[in-house]
$ cat model-v4.cif   # mmCIF, C-alpha atoms and all ligand atoms
data_run
#
loop_
_atom_site.group_PDB
_atom_site.id
_atom_site.type_symbol
_atom_site.label_atom_id
_atom_site.label_comp_id
_atom_site.auth_asym_id
_atom_site.auth_seq_id
_atom_site.Cartn_x
_atom_site.Cartn_y
_atom_site.Cartn_z
ATOM 1 C CA MET Q 1 10.080 -11.667 -8.343
ATOM 2 C CA GLU Q 2 8.877 -13.262 -5.104
ATOM 3 C CA ASP Q 3 9.862 -10.115 -3.226
ATOM 4 C CA LEU Q 4 7.781 -7.730 -5.299
ATOM 5 C CA ILE Q 5 4.216 -6.748 -4.432
ATOM 6 C CA VAL Q 6 2.079 -5.258 -7.206
ATOM 7 C CA PRO Q 7 -0.301 -2.428 -6.239
ATOM 8 C CA ILE Q 8 -3.725 -2.628 -7.877
ATOM 9 C CA PHE Q 9 -6.223 0.246 -7.840
ATOM 10 C CA VAL Q 10 -9.738 -1.125 -8.171
ATOM 11 C CA ASP Q 11 -12.363 1.450 -9.083
ATOM 12 C CA GLU Q 12 -16.028 0.667 -8.585
ATOM 13 C CA ASN Q 13 -17.110 3.634 -10.722
ATOM 14 C CA ILE Q 14 -15.608 2.690 -14.074
ATOM 15 C CA SER Q 15 -16.179 0.034 -16.714
ATOM 16 C CA SER Q 16 -12.822 0.242 -18.474
ATOM 17 C CA SER Q 17 -9.312 1.054 -17.208
ATOM 18 C CA ILE Q 18 -8.277 4.684 -16.799
ATOM 19 C CA GLU Q 19 -4.683 5.864 -16.821
ATOM 20 C CA ILE Q 20 -3.672 7.866 -13.764
ATOM 21 C CA ARG Q 21 -2.543 11.276 -14.968
ATOM 22 C CA SER Q 22 0.395 11.698 -12.604
ATOM 23 C CA MET Q 23 1.438 8.030 -12.899
ATOM 24 C CA PRO Q 24 1.911 7.438 -16.629
ATOM 25 C CA GLY Q 25 1.552 3.769 -17.517
ATOM 26 C CA TYR Q 26 -0.429 3.000 -14.348
ATOM 27 C CA TYR Q 27 -4.168 2.446 -14.334
ATOM 28 C CA ARG Q 28 -7.241 2.286 -12.185
ATOM 29 C CA ILE Q 29 -9.055 -0.842 -13.217
ATOM 30 C CA PRO Q 30 -12.733 -1.802 -12.918
ATOM 31 C CA VAL Q 31 -13.751 -4.557 -10.501
ATOM 32 C CA GLU Q 32 -14.403 -6.906 -13.434
ATOM 33 C CA GLY Q 33 -10.823 -6.286 -14.615
ATOM 34 C CA VAL Q 34 -8.996 -7.667 -11.592
ATOM 35 C CA VAL Q 35 -8.916 -11.297 -12.686
ATOM 36 C CA LYS Q 36 -7.300 -10.368 -15.988
ATOM 37 C CA GLU Q 37 -4.809 -8.114 -14.224
ATOM 38 C CA VAL Q 38 -3.761 -10.846 -11.809
ATOM 39 C CA GLU Q 39 -3.497 -13.309 -14.686
ATOM 40 C CA THR Q 40 -1.133 -10.960 -16.538
ATOM 41 C CA CYS Q 41 0.998 -10.634 -13.415
ATOM 42 C CA LEU Q 42 1.123 -14.390 -12.876
ATOM 43 C CA GLU Q 43 2.459 -14.796 -16.405
ATOM 44 C CA LEU Q 44 5.270 -12.502 -15.298
ATOM 45 C CA ASN Q 45 5.862 -14.576 -12.156
ATOM 46 C CA LEU Q 46 4.409 -11.902 -9.879
ATOM 47 C CA LYS Q 47 2.264 -13.554 -7.238
ATOM 48 C CA SER Q 48 1.630 -10.928 -4.569
ATOM 49 C CA PHE Q 49 -0.752 -8.008 -4.759
ATOM 50 C CA ILE Q 50 -1.832 -5.104 -2.603
ATOM 51 C CA LEU Q 51 -5.331 -3.843 -3.320
ATOM 52 C CA PHE Q 52 -6.605 -0.282 -2.997
ATOM 53 C CA GLY Q 53 -10.268 0.501 -3.523
ATOM 54 C CA ILE Q 54 -12.065 3.483 -4.966
ATOM 55 C CA PRO Q 55 -15.678 3.092 -3.775
ATOM 56 C CA SER Q 56 -18.820 4.434 -5.392
ATOM 57 C CA TYR Q 57 -20.101 5.680 -2.054
ATOM 58 C CA LYS Q 58 -18.332 7.727 0.635
ATOM 59 C CA ASP Q 59 -19.546 9.003 3.980
ATOM 60 C CA GLU Q 60 -18.200 10.505 7.218
ATOM 61 C CA ILE Q 61 -17.141 7.186 8.725
ATOM 62 C CA GLY Q 62 -16.128 5.341 5.574
ATOM 63 C CA SER Q 63 -18.770 2.661 5.952
ATOM 64 C CA SER Q 64 -18.259 1.195 2.485
ATOM 65 C CA ALA Q 65 -14.759 0.159 3.624
ATOM 66 C CA PHE Q 66 -16.271 -2.662 5.683
ATOM 67 C CA ASP Q 67 -19.265 -3.435 3.475
ATOM 68 C CA ARG Q 68 -19.444 -7.131 2.546
ATOM 69 C CA ASN Q 69 -20.137 -6.032 -0.990
ATOM 70 C CA GLY Q 70 -17.646 -3.198 -1.024
ATOM 71 C CA VAL Q 71 -15.245 -2.718 -3.915
ATOM 72 C CA ILE Q 72 -12.318 -4.493 -2.256
ATOM 73 C CA GLN Q 73 -14.373 -7.334 -0.841
ATOM 74 C CA LYS Q 74 -15.784 -8.026 -4.312
ATOM 75 C CA ALA Q 75 -12.336 -7.836 -5.899
ATOM 76 C CA ILE Q 76 -10.808 -10.204 -3.342
ATOM 77 C CA ARG Q 77 -13.524 -12.789 -3.847
ATOM 78 C CA MET Q 78 -13.123 -12.675 -7.633
ATOM 79 C CA ILE Q 79 -9.361 -13.129 -7.425
ATOM 80 C CA ARG Q 80 -9.559 -15.821 -4.768
ATOM 81 C CA LYS Q 81 -12.040 -17.844 -6.774
ATOM 82 C CA GLU Q 82 -9.755 -17.996 -9.812
ATOM 83 C CA PHE Q 83 -6.369 -18.092 -8.111
ATOM 84 C CA PRO Q 84 -6.415 -19.794 -4.712
ATOM 85 C CA ASP Q 85 -2.634 -19.520 -4.274
ATOM 86 C CA VAL Q 86 -1.827 -15.863 -4.922
ATOM 87 C CA VAL Q 87 -0.980 -13.635 -1.985
ATOM 88 C CA ILE Q 88 -3.597 -10.952 -1.438
ATOM 89 C CA VAL Q 89 -2.669 -8.001 0.738
ATOM 90 C CA THR Q 90 -5.238 -5.295 1.409
ATOM 91 C CA ASP Q 91 -4.803 -1.698 2.456
ATOM 92 C CA VAL Q 92 -6.814 -1.090 5.624
ATOM 93 C CA CYS Q 93 -7.561 2.605 5.844
ATOM 94 C CA LEU Q 94 -10.408 5.080 5.754
ATOM 95 C CA CYS Q 95 -9.077 7.855 3.552
ATOM 96 C CA GLU Q 96 -10.380 6.423 0.286
ATOM 97 C CA TYR Q 97 -13.820 5.877 1.840
ATOM 98 C CA THR Q 98 -14.488 9.055 3.796
ATOM 99 C CA THR Q 99 -15.923 12.266 2.416
ATOM 100 C CA HIS Q 100 -13.237 14.290 4.217
ATOM 101 C CA GLY Q 101 -10.396 12.041 3.020
ATOM 102 C CA HIS Q 102 -8.713 11.552 6.380
ATOM 103 C CA CYS Q 103 -7.480 8.202 7.697
ATOM 104 C CA GLY Q 104 -9.626 8.365 10.826
ATOM 105 C CA ILE Q 105 -13.017 9.546 12.005
ATOM 106 C CA VAL Q 106 -13.189 13.314 12.332
ATOM 107 C CA ARG Q 107 -15.053 15.505 14.806
ATOM 108 C CA ASP Q 108 -14.699 19.267 15.017
ATOM 109 C CA GLY Q 109 -11.734 19.135 12.686
ATOM 110 C CA LYS Q 110 -9.851 16.608 14.834
ATOM 111 C CA ILE Q 111 -8.934 13.012 14.043
ATOM 112 C CA LEU Q 112 -10.425 10.704 16.680
ATOM 113 C CA ASN Q 113 -7.871 7.975 17.145
ATOM 114 C CA ASP Q 114 -9.676 5.641 19.549
ATOM 115 C CA GLU Q 115 -13.065 5.896 17.856
ATOM 116 C CA THR Q 116 -11.395 4.852 14.605
ATOM 117 C CA LEU Q 117 -9.930 1.594 15.973
ATOM 118 C CA PRO Q 118 -13.096 -0.567 16.019
ATOM 119 C CA ILE Q 119 -13.807 0.483 12.436
ATOM 120 C CA LEU Q 120 -10.351 -0.617 11.349
ATOM 121 C CA GLY Q 121 -11.035 -3.954 13.042
ATOM 122 C CA LYS Q 122 -14.266 -4.320 11.075
ATOM 123 C CA ILE Q 123 -12.552 -3.492 7.789
ATOM 124 C CA ALA Q 124 -9.819 -6.072 8.437
ATOM 125 C CA VAL Q 125 -12.340 -8.786 9.307
ATOM 126 C CA SER Q 126 -14.372 -8.036 6.168
ATOM 127 C CA HIS Q 127 -11.218 -8.401 4.056
ATOM 128 C CA ALA Q 128 -10.286 -11.655 5.801
ATOM 129 C CA GLU Q 129 -13.811 -12.985 5.270
ATOM 130 C CA ALA Q 130 -13.521 -12.262 1.546
ATOM 131 C CA GLY Q 131 -10.206 -14.141 1.393
ATOM 132 C CA ALA Q 132 -7.301 -11.765 2.088
ATOM 133 C CA ASP Q 133 -4.053 -13.313 3.383
ATOM 134 C CA ILE Q 134 -2.494 -10.172 4.826
ATOM 135 C CA VAL Q 135 -4.074 -6.929 5.968
ATOM 136 C CA ALA Q 136 -2.013 -3.760 5.873
ATOM 137 C CA PRO Q 137 -3.236 -0.945 8.104
ATOM 138 C CA SER Q 138 -1.874 2.306 6.686
ATOM 139 C CA GLY Q 139 -3.603 4.986 8.705
ATOM 140 C CA MET Q 140 -0.998 5.362 11.465
ATOM 141 C CA MET Q 141 -3.596 5.396 14.255
ATOM 142 C CA ASP Q 142 -2.161 4.509 17.681
ATOM 143 C CA GLY Q 143 -3.133 1.003 18.746
ATOM 144 C CA MET Q 144 -4.376 -0.026 15.297
ATOM 145 C CA VAL Q 145 -2.347 -3.230 15.090
ATOM 146 C CA LYS Q 146 -3.634 -4.502 18.430
ATOM 147 C CA ALA Q 147 -7.222 -3.577 17.588
ATOM 148 C CA ILE Q 148 -6.996 -5.384 14.251
ATOM 149 C CA ARG Q 149 -5.233 -8.450 15.711
ATOM 150 C CA THR Q 150 -7.917 -8.790 18.378
ATOM 151 C CA ALA Q 151 -10.756 -8.338 15.895
ATOM 152 C CA LEU Q 152 -9.262 -10.909 13.498
ATOM 153 C CA ASP Q 153 -8.614 -13.462 16.242
ATOM 154 C CA ASP Q 154 -12.093 -13.020 17.711
ATOM 155 C CA ALA Q 155 -13.584 -13.655 14.292
ATOM 156 C CA GLY Q 156 -11.490 -16.807 13.868
ATOM 157 C CA TYR Q 157 -8.924 -15.413 11.410
ATOM 158 C CA THR Q 158 -5.855 -16.193 13.479
ATOM 159 C CA ASP Q 159 -3.826 -17.070 10.378
ATOM 160 C CA VAL Q 160 -4.388 -13.759 8.600
ATOM 161 C CA ALA Q 161 -1.162 -11.775 8.968
ATOM 162 C CA ILE Q 162 -0.717 -8.064 9.633
ATOM 163 C CA MET Q 163 1.713 -5.956 7.656
ATOM 164 C CA SER Q 164 1.776 -2.626 9.397
ATOM 165 C CA TYR Q 165 2.731 0.638 7.733
ATOM 166 C CA SER Q 166 4.680 1.254 10.919
ATOM 167 C CA ALA Q 167 7.118 3.905 9.813
ATOM 168 C CA LYS Q 168 5.042 6.006 7.499
ATOM 169 C CA TYR Q 169 6.384 9.495 7.048
ATOM 170 C CA ALA Q 170 4.293 12.578 6.330
ATOM 171 C CA SER Q 171 5.850 12.740 2.893
ATOM 172 C CA SER Q 172 5.226 14.836 -0.206
ATOM 173 C CA PHE Q 173 5.897 11.758 -2.311
ATOM 174 C CA TYR Q 174 2.304 10.493 -1.950
ATOM 175 C CA SER Q 175 0.483 13.069 -4.048
ATOM 176 C CA PRO Q 176 0.088 10.978 -7.227
ATOM 177 C CA PHE Q 177 -1.419 8.212 -5.086
ATOM 178 C CA ARG Q 178 -4.021 10.606 -3.785
ATOM 179 C CA GLU Q 179 -5.051 11.269 -7.347
ATOM 180 C CA ALA Q 180 -4.944 7.535 -8.103
ATOM 181 C CA ALA Q 181 -7.019 6.513 -5.091
ATOM 182 C CA ASP Q 182 -9.095 9.671 -4.867
ATOM 183 C CA SER Q 183 -8.038 9.994 -1.231
ATOM 184 C CA GLY Q 184 -6.937 13.615 -0.979
ATOM 185 C CA TYR Q 185 -7.998 15.282 2.244
ATOM 186 C CA LYS Q 186 -10.374 18.194 2.284
ATOM 187 C CA PHE Q 187 -8.758 20.120 5.141
ATOM 188 C CA GLY Q 188 -5.548 20.154 7.176
ATOM 189 C CA ASP Q 189 -2.837 17.588 6.479
ATOM 190 C CA ARG Q 190 -1.654 14.236 7.825
ATOM 191 C CA ARG Q 191 1.126 15.490 10.020
ATOM 192 C CA SER Q 192 -0.790 14.802 13.220
ATOM 193 C CA TYR Q 193 -0.692 11.055 12.545
ATOM 194 C CA GLN Q 194 2.123 10.431 10.080
ATOM 195 C CA MET Q 195 5.776 10.772 11.088
ATOM 196 C CA ASP Q 196 7.958 13.858 10.956
ATOM 197 C CA ILE Q 197 10.535 13.471 8.188
ATOM 198 C CA HIS Q 198 13.239 14.854 10.471
ATOM 199 C CA ASN Q 199 12.998 11.937 12.894
ATOM 200 C CA SER Q 200 14.794 8.636 12.801
ATOM 201 C CA ASN Q 201 14.546 7.123 16.313
ATOM 202 C CA GLU Q 202 10.784 7.640 16.247
ATOM 203 C CA ALA Q 203 10.584 5.091 13.422
ATOM 204 C CA LEU Q 204 12.211 2.486 15.640
ATOM 205 C CA ARG Q 205 9.812 3.263 18.475
ATOM 206 C CA GLU Q 206 6.798 2.981 16.174
ATOM 207 C CA ILE Q 207 8.047 -0.342 14.870
ATOM 208 C CA GLU Q 208 8.746 -1.698 18.326
ATOM 209 C CA LEU Q 209 5.204 -0.814 19.381
ATOM 210 C CA ASP Q 210 3.666 -2.420 16.303
ATOM 211 C CA LEU Q 211 5.667 -5.608 16.838
ATOM 212 C CA LYS Q 212 4.526 -5.749 20.461
ATOM 213 C CA GLU Q 213 0.937 -5.292 19.292
ATOM 214 C CA GLY Q 214 1.300 -8.257 16.940
ATOM 215 C CA ALA Q 215 2.542 -7.029 13.545
ATOM 216 C CA ASP Q 216 4.036 -9.838 11.453
ATOM 217 C CA ILE Q 217 5.660 -7.632 8.825
ATOM 218 C CA VAL Q 218 6.660 -3.985 9.245
ATOM 219 C CA MET Q 219 6.870 -1.343 6.583
ATOM 220 C CA VAL Q 220 8.920 1.739 5.875
ATOM 221 C CA LYS Q 221 7.434 4.296 3.534
ATOM 222 C CA PRO Q 222 8.533 5.991 1.294
ATOM 223 C CA ALA Q 223 11.563 3.931 0.288
ATOM 224 C CA LEU Q 224 14.238 5.850 -1.559
ATOM 225 C CA ALA Q 225 14.912 8.842 0.642
ATOM 226 C CA TYR Q 226 14.361 6.545 3.639
ATOM 227 C CA LEU Q 227 16.778 3.688 3.013
ATOM 228 C CA ASP Q 228 18.635 4.630 6.196
ATOM 229 C CA ILE Q 229 15.440 3.794 8.064
ATOM 230 C CA VAL Q 230 14.997 0.496 6.211
ATOM 231 C CA ARG Q 231 18.539 -0.407 7.214
ATOM 232 C CA ARG Q 232 18.106 0.551 10.865
ATOM 233 C CA VAL Q 233 14.810 -1.298 11.141
ATOM 234 C CA LYS Q 234 16.157 -4.481 9.594
ATOM 235 C CA GLU Q 235 19.304 -4.426 11.715
ATOM 236 C CA THR Q 236 17.511 -3.631 14.941
ATOM 237 C CA PHE Q 237 14.547 -5.993 14.765
ATOM 238 C CA LYS Q 238 15.511 -8.630 12.172
ATOM 239 C CA VAL Q 239 11.859 -9.092 11.261
ATOM 240 C CA PRO Q 240 10.312 -9.247 7.778
ATOM 241 C CA THR Q 241 10.576 -5.697 6.488
ATOM 242 C CA CYS Q 242 8.766 -4.192 3.534
ATOM 243 C CA ALA Q 243 9.724 -0.966 1.763
ATOM 244 C CA TYR Q 244 7.075 0.942 -0.181
ATOM 245 C CA ASN Q 245 8.487 2.488 -3.333
ATOM 246 C CA VAL Q 246 5.705 5.081 -3.493
ATOM 247 C CA SER Q 247 3.768 6.888 -6.210
ATOM 248 C CA GLY Q 248 5.909 10.050 -6.228
ATOM 249 C CA GLU Q 249 9.041 7.978 -6.653
ATOM 250 C CA TYR Q 250 7.443 6.240 -9.623
ATOM 251 C CA ALA Q 251 6.327 9.594 -11.053
ATOM 252 C CA MET Q 252 9.874 10.992 -10.866
ATOM 253 C CA VAL Q 253 11.295 8.030 -12.738
ATOM 254 C CA LYS Q 254 8.569 8.218 -15.369
ATOM 255 C CA ALA Q 255 8.880 11.961 -15.860
ATOM 256 C CA SER Q 256 12.585 11.744 -16.561
ATOM 257 C CA THR Q 257 12.663 8.514 -18.548
ATOM 258 C CA MET Q 258 9.811 9.640 -20.795
ATOM 259 C CA GLN Q 259 11.968 12.621 -21.726
ATOM 260 C CA GLY Q 260 14.859 10.332 -22.485
ATOM 261 C CA TRP Q 261 16.902 11.918 -19.707
ATOM 262 C CA LEU Q 262 17.383 8.670 -17.819
ATOM 263 C CA ASP Q 263 17.381 5.067 -18.970
ATOM 264 C CA GLU Q 264 14.253 3.521 -17.433
ATOM 265 C CA LYS Q 265 15.364 -0.113 -17.321
ATOM 266 C CA ALA Q 266 18.730 0.678 -15.777
ATOM 267 C CA ILE Q 267 17.260 3.147 -13.301
ATOM 268 C CA VAL Q 268 14.530 0.806 -12.108
ATOM 269 C CA TYR Q 269 16.988 -2.068 -11.802
ATOM 270 C CA GLU Q 270 19.270 0.138 -9.707
ATOM 271 C CA ILE Q 271 16.434 1.409 -7.520
ATOM 272 C CA LEU Q 272 15.035 -2.033 -6.725
ATOM 273 C CA THR Q 273 18.482 -3.517 -6.167
ATOM 274 C CA CYS Q 274 19.421 -0.750 -3.759
ATOM 275 C CA ILE Q 275 16.189 -1.111 -1.784
ATOM 276 C CA LYS Q 276 17.063 -4.798 -1.376
ATOM 277 C CA ARG Q 277 20.645 -3.914 -0.460
ATOM 278 C CA ALA Q 278 19.355 -1.656 2.301
ATOM 279 C CA GLY Q 279 17.666 -4.676 3.861
ATOM 280 C CA ALA Q 280 14.102 -4.833 2.542
ATOM 281 C CA ASP Q 281 12.664 -8.338 2.273
ATOM 282 C CA LEU Q 282 9.630 -7.151 0.339
ATOM 283 C CA ILE Q 283 9.086 -4.193 -1.980
ATOM 284 C CA ILE Q 284 5.767 -2.684 -2.992
ATOM 285 C CA THR Q 285 6.451 -1.022 -6.324
ATOM 286 C CA TYR Q 286 4.563 0.347 -9.316
ATOM 287 C CA HIS Q 287 7.512 -0.773 -11.449
ATOM 288 C CA ALA Q 288 6.863 -4.458 -10.691
ATOM 289 C CA LYS Q 289 5.219 -5.446 -13.974
ATOM 290 C CA ASP Q 290 7.631 -3.535 -16.200
ATOM 291 C CA PHE Q 291 10.600 -4.861 -14.282
ATOM 292 C CA ALA Q 292 9.363 -8.445 -14.427
ATOM 293 C CA ARG Q 293 8.800 -8.139 -18.160
ATOM 294 C CA TRP Q 294 12.276 -6.726 -18.801
ATOM 295 C CA MET Q 295 13.837 -9.528 -16.787
ATOM 296 C CA MET Q 296 11.903 -12.079 -18.794
ATOM 297 C CA GLU Q 297 13.089 -10.445 -21.997
ATOM 298 C CA GLY Q 298 16.625 -11.018 -20.753
ATOM 299 C CA PHE Q 299 17.570 -7.557 -19.530
ATOM 300 C CA GLU Q 300 21.109 -7.464 -18.179
ATOM 301 C CA TRP Q 301 22.532 -4.598 -16.262
HETATM 302 C C1 LIG Q 401 -3.339 5.581 2.752
HETATM 303 C C2 LIG Q 401 -2.216 5.323 1.846
HETATM 304 C C3 LIG Q 401 -1.474 6.282 1.129
HETATM 305 C C4 LIG Q 401 -0.529 5.570 0.392
HETATM 306 C C5 LIG Q 401 -0.728 4.212 0.628
HETATM 307 N N1 LIG Q 401 -1.772 4.091 1.537
HETATM 308 C C6 LIG Q 401 -1.645 7.744 1.030
HETATM 309 C C7 LIG Q 401 -1.456 8.652 2.144
HETATM 310 O O1 LIG Q 401 -1.067 8.300 3.255
HETATM 311 O O2 LIG Q 401 -1.734 9.819 1.924
HETATM 312 C C8 LIG Q 401 0.473 6.195 -0.515
HETATM 313 C C9 LIG Q 401 1.205 5.285 -1.418
HETATM 314 C C10 LIG Q 401 1.907 5.926 -2.558
HETATM 315 O O3 LIG Q 401 2.141 7.146 -2.590
HETATM 316 O O4 LIG Q 401 2.236 5.190 -3.485
HETATM 317 N N2 LIG Q 401 -4.405 4.714 2.572
#
$ encode --input "model-v4.cif" --output "structure tokens"
Amino acid sequence: MEDLIVPIFVDENISSSIEIRSMPGYYRIPVEGVVKEVETCLELNLKSFILFGIPSYKDEIGSSAFDRNGVIQKAIRMIRKEFPDVVIVTDVCLCEYTTHGHCGIVRDGKILNDETLPILGKIAVSHAEAGADIVAPSGMMDGMVKAIRTALDDAGYTDVAIMSYSAKYASSFYSPFREAADSGYKFGDRRSYQMDIHNSNEALREIELDLKEGADIVMVKPALAYLDIVRRVKETFKVPTCAYNVSGEYAMVKASTMQGWLDEKAIVYEILTCIKRAGADLIITYHAKDFARWMMEGFEW
């Protein structure tokens, strides 16, 4: 259970949990609900969390992403106060906070990579200030790891680690997440900054760059159709590697198991085992709580 990271969607606009339509059994929870959620996970021996925020206010530059009283900053402080020892990872990105839904600042329909970097630094520092242990930049901007490392160090947060979404493919498996996090883009797509699914060596180059810039943990995303990449990354660099078992992968499992076409417990066990077998040290998965519960109940494969 130490290897599993539980995603939590914290929504500033709601007062009770709402099920995500395309992710049956998964919920957006209100800020006041995070302590209870973490408590439930701790009872299941799950101690690591990645937080995604749905803010009440969005603008062109995503300013609520680095607001001291933003949705994530509030959630981190509430969790930290109750549970000093849990591992809090935060997603550092703009897409949930911008009106256009892109991961960077936009001008004339173009993503401005370099102008986005200082903002990512500010977001990371605001998360560290609130009590995050690990920041996870997911926007695939060039130079983001270095910009964040420098900003964190300058602010005195040298011990906050960076888990970079280094090999993030422009995948169709993310669409339920965009509903969950309200981060769908209003024009274009993400192919100018996420990776082409046809490429494999590019993933290694991206990872090498991120490691040089100071990433402590690297990530491959999605997981299942990309286990070859997980394997190559782990073998090549031998650094802590995380695989993100994404929303569309969860949705596929749910859709079929709810029909009784596949056996959910067996399928999830197989999926998580095989991601480990491929070489992942850590797995972000929406199945974490269910899986932990089944294991506690004595599930045997
Ligand atoms: C971007 C981000 C995304 C996911 C995690 N962080 C969406 C995207 O790139 O469009 C997707 C995760 C999933 O599908 O579960 N902040």
$ resolve_selection --input "model-v4.cif" --expression "the PyMOL selection byres (((chain Q and resi 44) around 9) and not hetatm)" --output "VMD selection string"
chain Q and resid 1 39 to 43 45 to 47 289 292 to 293 296
$ closest_residue --input "model-v4.cif" --among "Q:Glu179, Q:Glu297, Q:Asp67, Q:Glu37" --to "Q:His127" --atoms "only C-alpha atoms"
Q:Asp67
$ resolve_selection --input "model-v4.cif" --expression "the PyMOL selection byres (((chain Q and resi 134-146) around 6) and not hetatm)" --output "list in words"
Val89, Thr90, Asp91, Val92, Cys93, Cys103, Asn113, Leu117, Ala132, Asp133, Ala147, Ile148, Arg149, Val160, Ala161, Ile162, Met163, Ser164, Tyr165, Tyr193 and Glu213 of chain Q
$ residues_near_point --input "model-v4.cif" --point "(-6.9, 5.1, -9.9)" --cutoff "7 Å" --atoms "all atoms listed in the file" --output "list in words"
Phe9, Asp11, Ile20, Tyr27, Arg28, Glu179, Ala180 and Ala181 of chain Q
$ atom_distance --input "model-v4.cif" --atom1 "atom CA of Q:Gly101" --atom2 "atom CA of Q:Met23"
20.2 Å
$ residues_around --input "model-v4.cif" --residues "stretch 230-246 of chain Q" --least-positions-apart "4" --cutoff "7 Å" --atoms "only C-alpha atoms" --output "compact mmCIF listing (two decimals) with C-alpha atoms, in the frame of the given file"
# COMPACT_ATOMS: atom_id res chain seq x y z
CA PHE Q 173 5.90 11.76 -2.31
CA TYR Q 174 2.30 10.49 -1.95
CA LEU Q 204 12.21 2.49 15.64
CA ILE Q 217 5.66 -7.63 8.82
CA VAL Q 218 6.66 -3.98 9.24
CA MET Q 219 6.87 -1.34 6.58
CA VAL Q 220 8.92 1.74 5.88
CA LYS Q 221 7.43 4.30 3.53
CA PRO Q 222 8.53 5.99 1.29
CA ALA Q 223 11.56 3.93 0.29
CA LEU Q 224 14.24 5.85 -1.56
CA TYR Q 226 14.36 6.54 3.64
CA TYR Q 250 7.44 6.24 -9.62
CA ALA Q 278 19.36 -1.66 2.30
CA GLY Q 279 17.67 -4.68 3.86
CA ALA Q 280 14.10 -4.83 2.54
CA ASP Q 281 12.66 -8.34 2.27
CA LEU Q 282 9.63 -7.15 0.34
CA ILE Q 283 9.09 -4.19 -1.98
CA ILE Q 284 5.77 -2.68 -2.99
CA THR Q 285 6.45 -1.02 -6.32
$ closest_residue --input "model-v4.cif" --among "Q:Tyr157, Q:Phe83, Q:Tyr269, Q:Tyr26" --to "Q:Ser126" --atoms "only C-alpha atoms"
Q:Tyr157
$ atom_distance --input "model-v4.cif" --atom1 "atom CA of Q:Ala266" --atom2 "atom CA of Q:Trp294"
10.3 Å
$ atom_distance --input "model-v4.cif" --atom1 "atom CA of Q:Val268" --atom2 "atom CA of Q:Ala288"
9.4 Å
$ resolve_selection --input "model-v4.cif" --expression "the PyMOL selection byres (((chain Q and resi 13-15) around 12) and not hetatm)" --output "VMD selection string"
chain Q and resid 9 to 12 16 to 19 27 to 34 53 to 57 70 to 71 181 to 182
$ axis_aligned_box --input "model-v4.cif" --around "stretch 29-38 of chain Q" --padding-each-side "5 Å" --output "lines of an AutoDock Vina configuration file"
center_x = -9.1
center_y = -6.1
center_z = -13.2
size_x = 20.6
size_y = 20.5
size_z = 15.5
$ closest_residue --input "model-v4.cif" --among "Q:Phe177, Q:Glu264, Q:Ile50, Q:Ile229" --to "Q:Asn201" --atoms "only C-alpha atoms"
Q:Ile229
$ residues_around --input "model-v4.cif" --residues "Q:Ile61" --least-positions-apart "4" --cutoff "12 Å" --atoms "all atoms listed in the file" --output "list in words"
Tyr57, Ala65, Phe66, Cys93, Leu94, Cys95, Glu96, Tyr97, Thr98, Thr99, His100, Gly101, His102, Cys103, Gly104, Ile105, Val106, Arg107, Ile111, Leu112, Glu115, Thr116, Leu117, Pro118, Ile119, Leu120 and Ile123 of chain Q
$ closest_residue --input "model-v4.cif" --among "Q:Ala167, Q:Val125, Q:Val87, Q:Ala255" --to "ligand LIG 401 (chain Q)" --atoms "all atoms listed in the file"
Q:Ala167
$ closest_residue --input "model-v4.cif" --among "Q:Ser48, Q:Ser175, Q:Thr158, Q:Thr273" --to "ligand LIG 401 (chain Q)" --atoms "all atoms listed in the file"
Q:Ser175
$ closest_residue --input "model-v4.cif" --among "Q:Glu249, Q:Asp228, Q:Asp108, Q:Asp154" --to "ligand LIG 401 (chain Q)" --atoms "all atoms listed in the file"
Q:Glu249
$ residues_around --input "model-v4.cif" --residues "Q:Ser192" --least-positions-apart "2" --cutoff "10 Å" --atoms "all atoms listed in the file" --output "PyMOL selection string"
chain Q and resi 110-111+140-141+170+188-190+194-196
